[in-house]
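Accompanying notes for the structure given below.
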Amino acid sequence: MRSLFGLLRKEALHIIRDKRTLTVLLLLPVIQVVIFGYAIRTDVDNVRLAVVDPAPDEMTLRLRSRFTAAAVFRTVAVLPNEAPLERLFQKGAAQAALIIEPRFAEHLARGIPARILIITDATDPNTGSTIQGYAERVVQQFEREVRANAGVLQIVPQARLRFNPTAESKNLFVPGLMAFILTIISSLMTAITITREKETGTMETLLVSPLRPWQIIVGKVAPYLALGFISIVGVLLEARLIFRVPIRGSLVLLLAEGLLFILVSLALGVLISARTSNQRVAMLGALVGTMLPTMILSGFIFPIESMPAVLRYLSNIIPARWFVVIARGIMLKGIGLGYLWQETAILVFMALFLLVVSTRSFSERLE
Amino acid sequence: MTSGDLIIEAKDLTRTFGSFTAVDHITFDVHRGEVFGFLGANGAGKTTAIRMLIGLLAPTSGHATVAGFDIARESEKVKQAIGYMSQKFSLYEDLTVRENAALYGGIYGLTDVQIRERTEEMLQRLKFEHAANERVRAIPLGWRQKLAFSVSLLHRPPVVFLDEPTGGVDPITRRQFWELIYETAQGGTTVLVTTHYMDEAEYCDRVSIMVSGRIDALGTPSELKSEYGVGSIEDLFVRLARPAESAGSK
């Protein structure tokens, strides 16, 4: 065990002395959280609205004030006709337009359908349809208000978004971001650090020594387990303090699941390094084999439900997919192992499977 | 061990990779305290042979003992009994000399006291105390190689394997390195060394020349030279290697 301790110490020295890499590893999570928290937001607000109201009357003013009252919209222009709209959309000055037909109040009063047209900039289809949805809700509310004044019976449906009532994307991104960062630190760094020793020739010296292959692997990866753990704690702290992302479930369970996920990623890193002989190939392998799938197929950014069937099946073998479900469950829903045991079991199975395969693959290469 | 005098005994040692036979029934002995040169062109099979002897590769057939341990059945004991300096470089560049020594000493199960004493002794012998706490990266290549060699001897193995230890080193440093090898052999440690430099072969007590997986010549440099009627080991080497090369190029 003394020899293993020496290895751990040596690996820790490698990490501490490689100041540049260490800085990147420590700052990366912090910066990622900030980027995802502020810049990459899928929330839609502050929508620039242009209103075309050729014949303003009491009703059109009320409708317009409804839009203004909704925090989502900001009226940037009120126009007498549609002609300037095209330019406003092209310039991006307007993201949505509300066009009200002339004699709006009169039609309403006589019970003739009063028509409005809502145009949204669907360059980004998701944002476009979200804006559309908001606009329709405003109009429906207005309609109800008008009818209520007229004394007609009505049903008022209310919708409630559970677990993330304000539908904030930052609550969703933190679990995915944890998976992403852990993948970088665990898979990528392990793959690189092991292949580096192959390149420099020191790996051969270790293999010739009385150390067992598993000791060499443990010695190489354990420090990264610690580094990974530090970075989850960092991400959670930052998410909690700066972005007020809730952690409704057990923090201990969340951290334990984090460690489990790190273990899976480390094993993947070892596997990659066992199959490659230089750092560049290992880096590419880790990028394509672990980081891209984590980014794309884990449900971190793109919802798995809306993927084609093939990708949906493929996502099942991505460890991050299960970790994201677990982390979201614990953080946002506050649920425990009772609900998450299946996902946890899958990760445990993946960890065991990959550890066995990667240790074996690592030893095989010595033959 | 059949004789206390033999530190390495190989009998019909063979290794195949698929249909390719890298090492083809080689048989040789190395005596205790001997400097044994392992020569051969690139691809002649000497690295494969060494990898079998140090326990990195299992033999396909045949057997061998190193320091009295069977390489196939007792590879863990073999590993404890040997020192090894790889063809590339075996010290960690971002660790200091002392840290490297402590790491390898620890891996071979030395106690802290042993590590400290032997490291000091090593530094004194090399006259390198002044740079003990320098990172290896900052140390000239020639020195690094001497240090790597000395570190590989820290656990006092009866036999040490050097795989092309003098690659890329200037002639003076090479000479100094060989002095170190002699010192080590005089202390009773067996040195098995592979090399490309034929002048170095002349320094060895005995040499073996591998061609296409087989040992074609084995003996002391002077024996071999008179047996084949050549002026130097280099001439002998070229003579042995050439037919194999032309056969290989067909």
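Residue numbering restarts at 1 for every chain of the structure tokens, chains are lettered A, B, ... in their displayed order, and ligands are numbered from 1 as they appear.
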Considering only C-alpha atoms, extract the chain A residues located within 10 Å of chain B and return them as an mmCIF file with N, CA and C atoms, in the first residue's frame.
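Contents of the output file iface-v2.cif:
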```cif
data_model
loop_
_atom_site.group_PDB
_atom_site.id
_atom_site.type_symbol
_atom_site.label_atom_id
_atom_site.label_comp_id
_atom_site.auth_asym_id
_atom_site.auth_seq_id
_atom_site.Cartn_x
_atom_site.Cartn_y
_atom_site.Cartn_z
ATOM 1 N N MET A 1 0.836 -1.216 0.000
ATOM 2 C CA MET A 1 0.000 0.000 0.000
ATOM 3 C C MET A 1 0.860 1.251 0.000
ATOM 4 N N ARG A 2 2.073 1.114 0.578
ATOM 5 C CA ARG A 2 2.972 2.265 0.586
ATOM 6 C C ARG A 2 3.297 2.727 -0.828
ATOM 7 N N SER A 3 3.453 1.731 -1.691
ATOM 8 C CA SER A 3 3.814 2.092 -3.059
ATOM 9 C C SER A 3 2.651 2.810 -3.740
ATOM 10 N N LEU A 4 1.424 2.376 -3.415
ATOM 11 C CA LEU A 4 0.242 3.028 -3.987
ATOM 12 C C LEU A 4 0.165 4.468 -3.506
ATOM 13 N N PHE A 5 0.480 4.647 -2.219
ATOM 14 C CA PHE A 5 0.448 5.992 -1.658
ATOM 15 C C PHE A 5 1.449 6.894 -2.377
ATOM 16 N N GLY A 6 2.624 6.331 -2.661
ATOM 17 C CA GLY A 6 3.636 7.084 -3.397
ATOM 18 C C GLY A 6 3.136 7.516 -4.763
ATOM 19 N N LEU A 7 2.428 6.591 -5.424
ATOM 20 C CA LEU A 7 1.868 6.903 -6.739
ATOM 21 C C LEU A 7 0.858 8.041 -6.657
ATOM 22 N N LEU A 8 -0.005 7.956 -5.635
ATOM 23 C CA LEU A 8 -1.031 8.993 -5.477
ATOM 24 C C LEU A 8 -0.376 10.349 -5.268
ATOM 25 N N ARG A 9 0.662 10.342 -4.438
ATOM 26 C CA ARG A 9 1.348 11.584 -4.131
ATOM 27 C C ARG A 9 1.961 12.158 -5.409
ATOM 28 N N LYS A 10 2.566 11.280 -6.177
ATOM 29 C CA LYS A 10 3.199 11.685 -7.422
ATOM 30 C C LYS A 10 2.181 12.290 -8.385
ATOM 31 N N LEU A 13 1.201 15.647 -7.317
ATOM 32 C CA LEU A 13 2.244 16.616 -7.672
ATOM 33 C C LEU A 13 2.155 17.002 -9.146
ATOM 34 N N HIS A 14 1.912 15.987 -10.000
ATOM 35 C CA HIS A 14 1.735 16.292 -11.432
ATOM 36 C C HIS A 14 0.653 17.345 -11.620
ATOM 37 N N ILE A 15 -0.477 17.101 -10.942
ATOM 38 C CA ILE A 15 -1.627 17.984 -11.128
ATOM 39 C C ILE A 15 -1.313 19.380 -10.606
ATOM 40 N N ARG A 17 1.587 20.777 -10.114
ATOM 41 C CA ARG A 17 2.688 21.490 -10.785
ATOM 42 C C ARG A 17 2.337 21.930 -12.194
ATOM 43 N N ASP A 18 1.343 21.289 -12.774
ATOM 44 C CA ASP A 18 0.936 21.719 -14.107
ATOM 45 C C ASP A 18 -0.067 22.852 -13.929
ATOM 46 N N GLU A 197 1.884 9.322 -19.957
ATOM 47 C CA GLU A 197 2.924 8.443 -19.395
ATOM 48 C C GLU A 197 3.369 7.392 -20.396
ATOM 49 N N LYS A 198 2.437 7.018 -21.281
ATOM 50 C CA LYS A 198 2.856 6.079 -22.323
ATOM 51 C C LYS A 198 3.844 6.757 -23.253
ATOM 52 N N GLU A 199 3.535 8.016 -23.591
ATOM 53 C CA GLU A 199 4.415 8.746 -24.505
ATOM 54 C C GLU A 199 5.790 8.968 -23.903
ATOM 55 N N THR A 200 5.839 9.343 -22.629
ATOM 56 C CA THR A 200 7.136 9.663 -22.034
ATOM 57 C C THR A 200 7.905 8.403 -21.670
ATOM 58 N N GLY A 201 7.233 7.256 -21.637
ATOM 59 C CA GLY A 201 7.953 6.017 -21.343
ATOM 60 C C GLY A 201 7.904 5.627 -19.881
ATOM 61 N N THR A 202 7.375 6.532 -19.044
ATOM 62 C CA THR A 202 7.338 6.217 -17.619
ATOM 63 C C THR A 202 6.330 5.102 -17.319
ATOM 64 N N MET A 203 5.307 4.996 -18.193
ATOM 65 C CA MET A 203 4.327 3.938 -17.966
ATOM 66 C C MET A 203 5.000 2.573 -18.001
ATOM 67 N N GLU A 204 5.942 2.435 -18.945
ATOM 68 C CA GLU A 204 6.631 1.152 -19.061
ATOM 69 C C GLU A 204 7.386 0.838 -17.770
ATOM 70 N N THR A 205 8.018 1.865 -17.226
ATOM 71 C CA THR A 205 8.765 1.666 -15.991
ATOM 72 C C THR A 205 7.837 1.237 -14.848
ATOM 73 N N LEU A 206 6.651 1.841 -14.819
ATOM 74 C CA LEU A 206 5.686 1.448 -13.789
ATOM 75 C C LEU A 206 5.234 0.006 -13.995
ATOM 76 N N LEU A 207 5.038 -0.363 -15.264
ATOM 77 C CA LEU A 207 4.548 -1.710 -15.556
ATOM 78 C C LEU A 207 5.589 -2.773 -15.219
ATOM 79 N N VAL A 208 6.866 -2.416 -15.362
ATOM 80 C CA VAL A 208 7.919 -3.368 -15.047
ATOM 81 C C VAL A 208 8.079 -3.515 -13.533
ATOM 82 N N SER A 209 7.623 -2.504 -12.797
ATOM 83 C CA SER A 209 7.760 -2.535 -11.348
ATOM 84 C C SER A 209 6.790 -3.553 -10.750
ATOM 85 N N PRO A 210 6.948 -3.864 -9.467
ATOM 86 C CA PRO A 210 6.043 -4.849 -8.842
ATOM 87 C C PRO A 210 4.603 -4.346 -8.695
ATOM 88 N N LEU A 211 4.329 -3.114 -9.093
ATOM 89 C CA LEU A 211 2.968 -2.614 -8.986
ATOM 90 C C LEU A 211 2.036 -3.454 -9.844
ATOM 91 N N ARG A 212 0.824 -3.697 -9.311
ATOM 92 C CA ARG A 212 -0.188 -4.401 -10.091
ATOM 93 C C ARG A 212 -0.881 -3.401 -11.008
ATOM 94 N N SER A 363 -4.581 -4.185 -18.836
ATOM 95 C CA SER A 363 -3.611 -5.254 -18.594
ATOM 96 C C SER A 363 -3.271 -5.997 -19.877
ATOM 97 N N GLU A 364 -4.274 -6.153 -20.725
ATOM 98 C CA GLU A 364 -4.055 -6.865 -21.984
ATOM 99 C C GLU A 364 -2.960 -6.215 -22.810
ATOM 100 N N ARG A 365 -2.955 -4.892 -22.761
ATOM 101 C CA ARG A 365 -1.983 -4.163 -23.580
ATOM 102 C C ARG A 365 -0.560 -4.472 -23.167
ATOM 103 N N LEU A 366 -0.401 -5.015 -21.969
ATOM 104 C CA LEU A 366 0.948 -5.343 -21.522
ATOM 105 C C LEU A 366 1.422 -6.628 -22.173
ATOM 106 N N GLU A 367 0.434 -7.442 -22.562
ATOM 107 C CA GLU A 367 0.822 -8.764 -23.093
ATOM 108 C C GLU A 367 1.584 -8.627 -24.403
#
```
Requested in this report: Would you kindly return, as a PyMOL selection string, each protein, DNA or RNA residue with an atom no farther than 8 Å from any atom of His196 of chain B, considering only C-alpha atoms and excluding same-chain residues fewer than 3 positions away?
Outcome: chain B and resi 39-41+164
Query raised in the report: Please, which residues of segment 79-135 of chain A, numbered as in this document, come out alpha helix (DSSP H) from DSSP, as a PyMOL selection string?
Result: chain A and resi 85-91+104-110+125-135
Residues of the last selection are to be written out with N, CA and C atoms, as a PDB file, in the first residue's frame.
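Dumped everything to part10.pdb:
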```pdb
ATOM      1  N   LEU A  85     -43.200  47.059 -41.218  1.00  0.00           N
ATOM      2  CA  LEU A  85     -42.948  45.851 -40.432  1.00  0.00           C
ATOM      3  C   LEU A  85     -41.776  45.030 -40.965  1.00  0.00           C
ATOM      4  N   GLU A  86     -41.809  44.819 -42.292  1.00  0.00           N
ATOM      5  CA  GLU A  86     -40.786  43.978 -42.907  1.00  0.00           C
ATOM      6  C   GLU A  86     -39.384  44.440 -42.495  1.00  0.00           C
ATOM      7  N   ARG A  87     -39.191  45.766 -42.585  1.00  0.00           N
ATOM      8  CA  ARG A  87     -37.876  46.305 -42.241  1.00  0.00           C
ATOM      9  C   ARG A  87     -37.550  46.082 -40.763  1.00  0.00           C
ATOM     10  N   LEU A  88     -38.554  46.284 -39.926  1.00  0.00           N
ATOM     11  CA  LEU A  88     -38.326  46.117 -38.481  1.00  0.00           C
ATOM     12  C   LEU A  88     -37.895  44.680 -38.175  1.00  0.00           C
ATOM     13  N   PHE A  89     -38.568  43.720 -38.830  1.00  0.00           N
ATOM     14  CA  PHE A  89     -38.191  42.311 -38.620  1.00  0.00           C
ATOM     15  C   PHE A  89     -36.787  42.029 -39.134  1.00  0.00           C
ATOM     16  N   GLN A  90     -36.503  42.588 -40.320  1.00  0.00           N
ATOM     17  CA  GLN A  90     -35.191  42.342 -40.898  1.00  0.00           C
ATOM     18  C   GLN A  90     -34.073  42.883 -40.019  1.00  0.00           C
ATOM     19  N   LYS A  91     -34.309  44.094 -39.494  1.00  0.00           N
ATOM     20  CA  LYS A  91     -33.286  44.692 -38.643  1.00  0.00           C
ATOM     21  C   LYS A  91     -33.198  43.998 -37.288  1.00  0.00           C
ATOM     22  N   PHE A 104     -62.143  47.301 -34.921  1.00  0.00           N
ATOM     23  CA  PHE A 104     -61.987  46.169 -34.013  1.00  0.00           C
ATOM     24  C   PHE A 104     -63.100  46.187 -32.962  1.00  0.00           C
ATOM     25  N   ALA A 105     -63.263  47.329 -32.318  1.00  0.00           N
ATOM     26  CA  ALA A 105     -64.264  47.451 -31.250  1.00  0.00           C
ATOM     27  C   ALA A 105     -65.667  47.221 -31.803  1.00  0.00           C
ATOM     28  N   GLU A 106     -65.900  47.741 -32.960  1.00  0.00           N
ATOM     29  CA  GLU A 106     -67.227  47.635 -33.571  1.00  0.00           C
ATOM     30  C   GLU A 106     -67.582  46.171 -33.827  1.00  0.00           C
ATOM     31  N   HIS A 107     -66.592  45.416 -34.378  1.00  0.00           N
ATOM     32  CA  HIS A 107     -66.820  43.995 -34.631  1.00  0.00           C
ATOM     33  C   HIS A 107     -67.104  43.248 -33.357  1.00  0.00           C
ATOM     34  N   LEU A 108     -66.314  43.566 -32.333  1.00  0.00           N
ATOM     35  CA  LEU A 108     -66.506  42.891 -31.052  1.00  0.00           C
ATOM     36  C   LEU A 108     -67.902  43.135 -30.520  1.00  0.00           C
ATOM     37  N   ALA A 109     -68.295  44.362 -30.599  1.00  0.00           N
ATOM     38  CA  ALA A 109     -69.587  44.746 -30.039  1.00  0.00           C
ATOM     39  C   ALA A 109     -70.728  44.057 -30.789  1.00  0.00           C
ATOM     40  N   ARG A 110     -70.583  43.854 -32.099  1.00  0.00           N
ATOM     41  CA  ARG A 110     -71.660  43.258 -32.885  1.00  0.00           C
ATOM     42  C   ARG A 110     -71.561  41.729 -32.932  1.00  0.00           C
ATOM     43  N   PRO A 125     -36.833  28.714 -34.222  1.00  0.00           N
ATOM     44  CA  PRO A 125     -38.216  28.218 -34.117  1.00  0.00           C
ATOM     45  C   PRO A 125     -38.705  28.075 -32.673  1.00  0.00           C
ATOM     46  N   ASN A 126     -37.799  27.675 -31.770  1.00  0.00           N
ATOM     47  CA  ASN A 126     -38.235  27.499 -30.382  1.00  0.00           C
ATOM     48  C   ASN A 126     -38.675  28.812 -29.767  1.00  0.00           C
ATOM     49  N   THR A 127     -37.834  29.831 -29.958  1.00  0.00           N
ATOM     50  CA  THR A 127     -38.170  31.145 -29.426  1.00  0.00           C
ATOM     51  C   THR A 127     -39.456  31.627 -30.095  1.00  0.00           C
ATOM     52  N   GLY A 128     -39.546  31.444 -31.414  1.00  0.00           N
ATOM     53  CA  GLY A 128     -40.715  31.881 -32.162  1.00  0.00           C
ATOM     54  C   GLY A 128     -41.992  31.305 -31.590  1.00  0.00           C
ATOM     55  N   SER A 129     -41.981  29.980 -31.368  1.00  0.00           N
ATOM     56  CA  SER A 129     -43.238  29.392 -30.893  1.00  0.00           C
ATOM     57  C   SER A 129     -43.501  29.749 -29.439  1.00  0.00           C
ATOM     58  N   THR A 130     -42.422  29.970 -28.672  1.00  0.00           N
ATOM     59  CA  THR A 130     -42.644  30.391 -27.286  1.00  0.00           C
ATOM     60  C   THR A 130     -43.325  31.761 -27.264  1.00  0.00           C
ATOM     61  N   ILE A 131     -42.832  32.686 -28.093  1.00  0.00           N
ATOM     62  CA  ILE A 131     -43.431  34.020 -28.158  1.00  0.00           C
ATOM     63  C   ILE A 131     -44.893  33.919 -28.593  1.00  0.00           C
ATOM     64  N   GLN A 132     -45.106  33.076 -29.607  1.00  0.00           N
ATOM     65  CA  GLN A 132     -46.469  32.867 -30.103  1.00  0.00           C
ATOM     66  C   GLN A 132     -47.397  32.445 -28.959  1.00  0.00           C
ATOM     67  N   GLY A 133     -46.879  31.505 -28.167  1.00  0.00           N
ATOM     68  CA  GLY A 133     -47.656  30.995 -27.036  1.00  0.00           C
ATOM     69  C   GLY A 133     -48.000  32.094 -26.046  1.00  0.00           C
ATOM     70  N   TYR A 134     -46.990  32.901 -25.721  1.00  0.00           N
ATOM     71  CA  TYR A 134     -47.217  34.012 -24.797  1.00  0.00           C
ATOM     72  C   TYR A 134     -48.296  34.943 -25.337  1.00  0.00           C
ATOM     73  N   ALA A 135     -48.143  35.291 -26.636  1.00  0.00           N
ATOM     74  CA  ALA A 135     -49.063  36.256 -27.244  1.00  0.00           C
ATOM     75  C   ALA A 135     -50.481  35.715 -27.212  1.00  0.00           C
TER      76      ALA A 135
END
```
**Report entry** Test item: residues at most 9 Å from Leu26 of chain A, only C-alpha atoms, excluding those fewer than 3 positions along its chain, as JSON, numbers by chain
**Finding:** {"A": [21, 22, 23, 29, 30, 227, 230, 231, 234]}
Okay, now the selection with N, CA and C atoms, as an mmCIF file, in the first residue's frame?
```cif
data_model
loop_
_atom_site.group_PDB
_atom_site.id
_atom_site.type_symbol
_atom_site.label_atom_id
_atom_site.label_comp_id
_atom_site.auth_asym_id
_atom_site.auth_seq_id
_atom_site.Cartn_x
_atom_site.Cartn_y
_atom_site.Cartn_z
ATOM 1 N N THR A 21 -2.883 23.695 -16.638
ATOM 2 C CA THR A 21 -4.002 22.760 -16.707
ATOM 3 C C THR A 21 -4.865 22.859 -15.453
ATOM 4 N N LEU A 22 -4.192 23.003 -14.314
ATOM 5 C CA LEU A 22 -4.947 23.082 -13.065
ATOM 6 C C LEU A 22 -5.855 24.303 -13.060
ATOM 7 N N THR A 23 -5.312 25.432 -13.523
ATOM 8 C CA THR A 23 -6.122 26.642 -13.579
ATOM 9 C C THR A 23 -7.338 26.423 -14.468
ATOM 10 N N PRO A 29 -15.278 25.034 -14.511
ATOM 11 C CA PRO A 29 -16.629 24.907 -13.970
ATOM 12 C C PRO A 29 -17.234 26.260 -13.638
ATOM 13 N N VAL A 30 -16.413 27.131 -13.034
ATOM 14 C CA VAL A 30 -16.917 28.443 -12.614
ATOM 15 C C VAL A 30 -17.407 29.222 -13.829
ATOM 16 N N LEU A 227 -10.520 15.689 -7.654
ATOM 17 C CA LEU A 227 -10.677 16.931 -8.411
ATOM 18 C C LEU A 227 -12.105 17.064 -8.929
ATOM 19 N N ILE A 230 -14.380 18.021 -6.062
ATOM 20 C CA ILE A 230 -14.242 19.447 -5.735
ATOM 21 C C ILE A 230 -15.050 20.282 -6.728
ATOM 22 N N SER A 231 -14.992 19.907 -8.004
ATOM 23 C CA SER A 231 -15.672 20.752 -8.979
ATOM 24 C C SER A 231 -17.201 20.618 -8.896
ATOM 25 N N GLY A 234 -18.102 22.874 -6.158
ATOM 26 C CA GLY A 234 -17.973 24.246 -6.638
ATOM 27 C C GLY A 234 -19.160 24.674 -7.488
#
```
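Around Glu257 of chain A, within 10 Å and counting only C-alpha atoms, the residues found are Leu251, Val252, Ile262, Leu263, Phe323, Ile326, Ala327, Ile330, Thr344, Leu347 and Val348 of chain A, once anything fewer than 5 positions away on its own chain is removed.
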Query - Selection near Thr194 of chain B, 10 Å with only C-alpha atoms, sequence-local residues under 6 positions removed, as a list in words - result: Phe36, Gly37, Phe38, Leu39, Gly40, Lys46, Thr47, Ile50, Gln87, Phe161, Leu162, Asp163, Glu164, Pro165, Thr166, Glu200, Ala201, Val207 and Ser208 of chain B
Next, write the just-selected residues to a file, as a PDB file, in the first residue's frame, keeping N, CA and C atoms as the atom set.
```pdb
ATOM      1  N   PHE B  36      26.280  -7.841 -20.155  1.00  0.00           N
ATOM      2  CA  PHE B  36      25.885  -8.642 -21.303  1.00  0.00           C
ATOM      3  C   PHE B  36      25.233  -7.737 -22.342  1.00  0.00           C
ATOM      4  N   GLY B  37      25.821  -7.688 -23.533  1.00  0.00           N
ATOM      5  CA  GLY B  37      25.285  -6.819 -24.591  1.00  0.00           C
ATOM      6  C   GLY B  37      24.290  -7.575 -25.450  1.00  0.00           C
ATOM      7  N   PHE B  38      23.160  -6.945 -25.650  1.00  0.00           N
ATOM      8  CA  PHE B  38      22.103  -7.567 -26.429  1.00  0.00           C
ATOM      9  C   PHE B  38      21.985  -6.752 -27.712  1.00  0.00           C
ATOM     10  N   LEU B  39      22.554  -7.264 -28.799  1.00  0.00           N
ATOM     11  CA  LEU B  39      22.591  -6.462 -30.022  1.00  0.00           C
ATOM     12  C   LEU B  39      21.610  -6.992 -31.052  1.00  0.00           C
ATOM     13  N   GLY B  40      21.278  -6.150 -31.989  1.00  0.00           N
ATOM     14  CA  GLY B  40      20.377  -6.557 -33.062  1.00  0.00           C
ATOM     15  C   GLY B  40      19.872  -5.329 -33.766  1.00  0.00           C
ATOM     16  N   LYS B  46      14.993  -7.971 -30.313  1.00  0.00           N
ATOM     17  CA  LYS B  46      15.623  -7.849 -29.002  1.00  0.00           C
ATOM     18  C   LYS B  46      14.692  -7.192 -27.973  1.00  0.00           C
ATOM     19  N   THR B  47      13.882  -6.228 -28.421  1.00  0.00           N
ATOM     20  CA  THR B  47      12.954  -5.608 -27.476  1.00  0.00           C
ATOM     21  C   THR B  47      11.919  -6.624 -27.004  1.00  0.00           C
ATOM     22  N   ILE B  50      13.564  -8.863 -24.461  1.00  0.00           N
ATOM     23  CA  ILE B  50      13.702  -8.196 -23.164  1.00  0.00           C
ATOM     24  C   ILE B  50      12.362  -8.081 -22.468  1.00  0.00           C
ATOM     25  N   GLN B  87      13.871   2.546 -22.786  1.00  0.00           N
ATOM     26  CA  GLN B  87      14.436   3.170 -23.963  1.00  0.00           C
ATOM     27  C   GLN B  87      14.135   4.656 -23.974  1.00  0.00           C
ATOM     28  N   PHE B 161      18.155  -4.214 -16.352  1.00  0.00           N
ATOM     29  CA  PHE B 161      17.992  -4.223 -17.808  1.00  0.00           C
ATOM     30  C   PHE B 161      18.020  -2.790 -18.318  1.00  0.00           C
ATOM     31  N   LEU B 162      18.900  -2.527 -19.259  1.00  0.00           N
ATOM     32  CA  LEU B 162      18.966  -1.181 -19.834  1.00  0.00           C
ATOM     33  C   LEU B 162      18.612  -1.293 -21.310  1.00  0.00           C
ATOM     34  N   ASP B 163      17.536  -0.623 -21.688  1.00  0.00           N
ATOM     35  CA  ASP B 163      17.100  -0.705 -23.079  1.00  0.00           C
ATOM     36  C   ASP B 163      17.568   0.545 -23.817  1.00  0.00           C
ATOM     37  N   GLU B 164      18.581   0.394 -24.621  1.00  0.00           N
ATOM     38  CA  GLU B 164      19.189   1.507 -25.348  1.00  0.00           C
ATOM     39  C   GLU B 164      19.357   2.740 -24.485  1.00  0.00           C
ATOM     40  N   PRO B 165      20.184   2.626 -23.476  1.00  0.00           N
ATOM     41  CA  PRO B 165      20.282   3.713 -22.489  1.00  0.00           C
ATOM     42  C   PRO B 165      20.991   4.944 -23.020  1.00  0.00           C
ATOM     43  N   THR B 166      21.774   4.797 -24.081  1.00  0.00           N
ATOM     44  CA  THR B 166      22.603   5.924 -24.500  1.00  0.00           C
ATOM     45  C   THR B 166      22.122   6.564 -25.787  1.00  0.00           C
ATOM     46  N   GLU B 200      30.074   0.351 -28.357  1.00  0.00           N
ATOM     47  CA  GLU B 200      29.687  -0.009 -26.994  1.00  0.00           C
ATOM     48  C   GLU B 200      29.719  -1.529 -26.805  1.00  0.00           C
ATOM     49  N   ALA B 201      29.416  -2.239 -27.892  1.00  0.00           N
ATOM     50  CA  ALA B 201      29.409  -3.695 -27.797  1.00  0.00           C
ATOM     51  C   ALA B 201      30.784  -4.205 -27.359  1.00  0.00           C
ATOM     52  N   VAL B 207      28.537 -10.598 -25.760  1.00  0.00           N
ATOM     53  CA  VAL B 207      27.441 -10.028 -26.549  1.00  0.00           C
ATOM     54  C   VAL B 207      26.701 -11.154 -27.263  1.00  0.00           C
ATOM     55  N   SER B 208      25.424 -10.869 -27.528  1.00  0.00           N
ATOM     56  CA  SER B 208      24.678 -11.762 -28.410  1.00  0.00           C
ATOM     57  C   SER B 208      24.143 -10.890 -29.531  1.00  0.00           C
TER      58      SER B 208
END
```
Requested in this report: Check the smallest atom-to-atom distance from each of B:Ala217, B:Ala185, B:Ala132, B:His63 to Pro157 of chain B using only C-alpha atoms, then report the winner.
Outcome: B:Ala185
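From atom CA of Ile118 of chain A back to atom CA of Val139 of chain A, the distance works out to 10.0 Å.
Interatomic distance, atom CA of Ile301 of chain A against atom CA of Leu28 of chain A: 18.2 Å.
Between atom CA of Phe237 of chain B and atom CA of Gln186 of chain B the separation is 27.4 Å.
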Requested in this report: Give the strand (DSSP E) residues of segment 28-232 of chain A, as DSSP finds them on the backbone, and put them as a ChimeraX atom specification.
Outcome: /A:47-52,73-79,96-100,116-120
Near segment 271-279 of chain A, within 9 Å and counting only C-alpha atoms, which residues show up once chain neighbours fewer than 4 positions away are dropped, as an mmCIF file with C-alpha atoms, in the first residue's frame?
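result08.cif written:
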```
data_model
loop_
_atom_site.group_PDB
_atom_site.id
_atom_site.type_symbol
_atom_site.label_atom_id
_atom_site.label_comp_id
_atom_site.auth_asym_id
_atom_site.auth_seq_id
_atom_site.Cartn_x
_atom_site.Cartn_y
_atom_site.Cartn_z
ATOM 1 C CA SER A 187 -12.761 11.034 -18.942
ATOM 2 C CA LEU A 188 -10.664 13.546 -20.806
ATOM 3 C CA THR A 190 -7.660 10.521 -17.237
ATOM 4 C CA ALA A 191 -7.256 9.560 -20.861
ATOM 5 C CA ILE A 192 -4.691 12.313 -21.355
ATOM 6 C CA THR A 193 -2.705 11.687 -18.202
ATOM 7 C CA ILE A 194 -2.373 7.957 -18.835
ATOM 8 C CA THR A 195 -1.410 8.303 -22.483
ATOM 9 C CA ARG A 196 1.080 11.003 -21.495
ATOM 10 C CA LYS A 198 2.856 6.079 -22.323
ATOM 11 C CA GLU A 199 4.415 8.746 -24.505
ATOM 12 C CA LEU A 266 -12.972 7.706 -15.085
ATOM 13 C CA ALA A 267 -13.421 4.128 -16.216
ATOM 14 C CA MET A 283 -8.092 13.604 -26.542
ATOM 15 C CA LEU A 284 -10.012 13.079 -29.750
ATOM 16 C CA GLY A 285 -11.371 9.808 -28.430
ATOM 17 C CA ALA A 286 -12.543 11.464 -25.237
ATOM 18 C CA GLY A 289 -16.613 9.268 -27.242
ATOM 19 C CA LEU A 354 -16.483 -0.301 -17.472
ATOM 20 C CA LEU A 355 -14.051 -0.767 -14.585
ATOM 21 C CA VAL A 357 -13.422 -3.937 -19.071
ATOM 22 C CA SER A 358 -10.968 -1.057 -18.780
ATOM 23 C CA THR A 359 -8.742 -2.768 -16.209
ATOM 24 C CA SER A 361 -8.050 -3.850 -21.507
ATOM 25 C CA PHE A 362 -5.260 -2.014 -19.715
ATOM 26 C CA SER A 363 -3.611 -5.254 -18.594
ATOM 27 C CA GLU A 364 -4.055 -6.865 -21.984
ATOM 28 C CA ARG A 365 -1.983 -4.163 -23.580
#
```
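Residues surrounding segment 311-321 of chain A within 6 Å are Ala179, Thr294, Leu297 and Ser298 of chain A [only C-alpha atoms; sequence separation below 5 positions excluded].
Comparing the minimum interatomic distances between Glu223 of chain B and each of B:His155, B:Lys11, B:Arg206, B:Arg174, counting only C-alpha atoms, we find that B:Arg206 sits nearest.
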